[in-house]
Structures are given as structure tokens and as C-alpha cells.
Amino acid sequence: MMRIGQGIDVHPFDDARPLILGGVRISDRGGLAGHSDADAVLHALTDALLGAAGAGDIGQHFPSEDPKWKDADSARFIREARTIVAEMKAEIANIDITIIAEKPRIAPHREAIGAAIAKLLDLPRGHVNVKATTTDHLGFIGRGEGICAMAIVLLVIPSVSEGPGRVGSL
């Protein structure tokens, strides 16, 4: 059986914070505002993994109201979502990520982001695709006020398992 999960995350810029995307430190300034490290890429990917697993969303697992997650490294969210996927005996077939931003240019960082995500999830590099686009100066992203990231994950599950937060019969 196959299951698809989708995630999306949006954060405004906060010049006082470092910019981290996909676990890669892009710059020391011009980062994103948020409760954790505000890594929009890893947040979208966490939601995609949780969605494919039928295990809720990032806000249920890591609520921003919880001081425990203040300035947390978003890699922790990915590792927890990966554990949920592994408990299902599911394999990640592929990940497709789109980063929507006018700034910074993503192309120089694309390979590093893909490699960091593949390493974090213990996947072959070819299983993670990272691409970027702009909004051609339209909307809040086009005005350079923030970044959006979208992720899609395909899980392959050899057999259906039952249990809370797990895949049941479809």
C-alpha cells in the first residue's frame, strides 16, 4: 500500500535570527520568525510525514504554546515523525519539496538542503528532491516578507497495521 502526505509551512522574516532551511544554515541574519528555529522546510516535511502516517500534524506533536519547543532544532521534529513512520513499518519512497521565496536565492543551497534531509532521514540522496520558485513579486512572499515551503512524501507500507494514530483499513 502507498500513502501520500502533504505539508506546508509559512514564516515571516526576522532579521535578528539566522536563516535555516532544511537543516542548513543559509545565513546568520534574515532568518524566520517562529517559536522553534522556524525552519519552514523541515516543518512542512514534518507535516507531510505525519500526514502520510495518519498521525496528525506538527501542532499536535510540538505545540508552539509549549516552552519545551522554544528555539528547538526542527531536526527533532523530523526524527520523531520518522520514528512514527518506522513504527508503521513504512518506508519513505520519495520526498518532493518546493521552497517559495523571492529571497534568498535557493539554487546555491539546493544540493546542501537535499543532502541534509537525506542524511537526517537516512535515505539515498536521490530520494529527496528540492526545488524553488518565486511568486514574481506578488503577495507577501513577493514583497520579501517571508518564505513558504511545501513538501510531499510517499510512503510504502508492506502491510496494513492497526492501532492509535496508525494506518487502518482503507
# chains A, B, ... in the order shown; residues from 1 in each chain; ligands from 1
call {"tool": "closest_atom_pairs", "arguments": {"of": "range 57-167 of chain A", "to": "range 39-50 of chain A", "cutoff": "6 Å", "atoms": "only C-alpha atoms", "output": "JSON lines"}}
result
{"residue": "A:Asp57", "atom": "CA", "partner": "A:Asp47", "partner_atom": "CA", "distance": 5.3}
{"residue": "A:Ile58", "atom": "CA", "partner": "A:Asp47", "partner_atom": "CA", "distance": 5.5}
{"residue": "A:Ile78", "atom": "CA", "partner": "A:Thr46", "partner_atom": "CA", "distance": 5.3}
{"residue": "A:Ala81", "atom": "CA", "partner": "A:Leu50", "partner_atom": "CA", "distance": 5.9}
{"residue": "A:Ala149", "atom": "CA", "partner": "A:Val41", "partner_atom": "CA", "distance": 5.2}
{"residue": "A:Met150", "atom": "CA", "partner": "A:Ala44", "partner_atom": "CA", "distance": 5.6}
{"residue": "A:Ala151", "atom": "CA", "partner": "A:Leu45", "partner_atom": "CA", "distance": 5.2}
{"residue": "A:Ile152", "atom": "CA", "partner": "A:Ala48", "partner_atom": "CA", "distance": 5.7}
{"residue": "A:Val153", "atom": "CA", "partner": "A:Ala48", "partner_atom": "CA", "distance": 5.8}
call {"tool": "select_by_dssp", "arguments": {"residues": "range 3-158 of chain A", "states": "alpha helix (DSSP H)", "output": "number ranges by chain"}}
result
A: 40-53, 58-61, 75-87, 110-120, 139-142
call {"tool": "atom_distance", "arguments": {"atom1": "CA of Pro158 in chain A", "atom2": "CA of Asp122 in chain A"}}
result
19.0 Å
call {"tool": "atom_distance", "arguments": {"atom1": "CA of Ala132 in chain A", "atom2": "CA of Ile157 in chain A"}}
result
29.3 Å
call {"tool": "residues_around", "arguments": {"residues": "Pro108 in chain A", "least_positions_apart": "3", "cutoff": "12 Å", "atoms": "only C-alpha atoms", "output": "VMD selection string"}}
result
chain A and resid 24 26 103 to 105 111 to 114 130 to 132
call {"tool": "residues_around", "arguments": {"residues": "Ala72 in chain A", "least_positions_apart": "4", "cutoff": "8 Å", "atoms": "only C-alpha atoms", "output": "list of chain:residue names"}}
result
A:His35, A:Ser36, A:Asp37, A:Lys68, A:Arg76
call {"tool": "write_last_selection", "arguments": {"atoms": "C-alpha atoms", "output": "PDB file, in the first residue's frame"}}
result
ATOM      1  CA  HIS A  35       8.695  29.506  18.245  1.00  0.00           C
ATOM      2  CA  SER A  36      11.302  26.906  17.295  1.00  0.00           C
ATOM      3  CA  ASP A  37      14.162  27.539  14.867  1.00  0.00           C
ATOM      4  CA  LYS A  68       9.796  22.937  25.639  1.00  0.00           C
ATOM      5  CA  ARG A  76      13.956  16.846  16.402  1.00  0.00           C
TER       6      ARG A  76
END
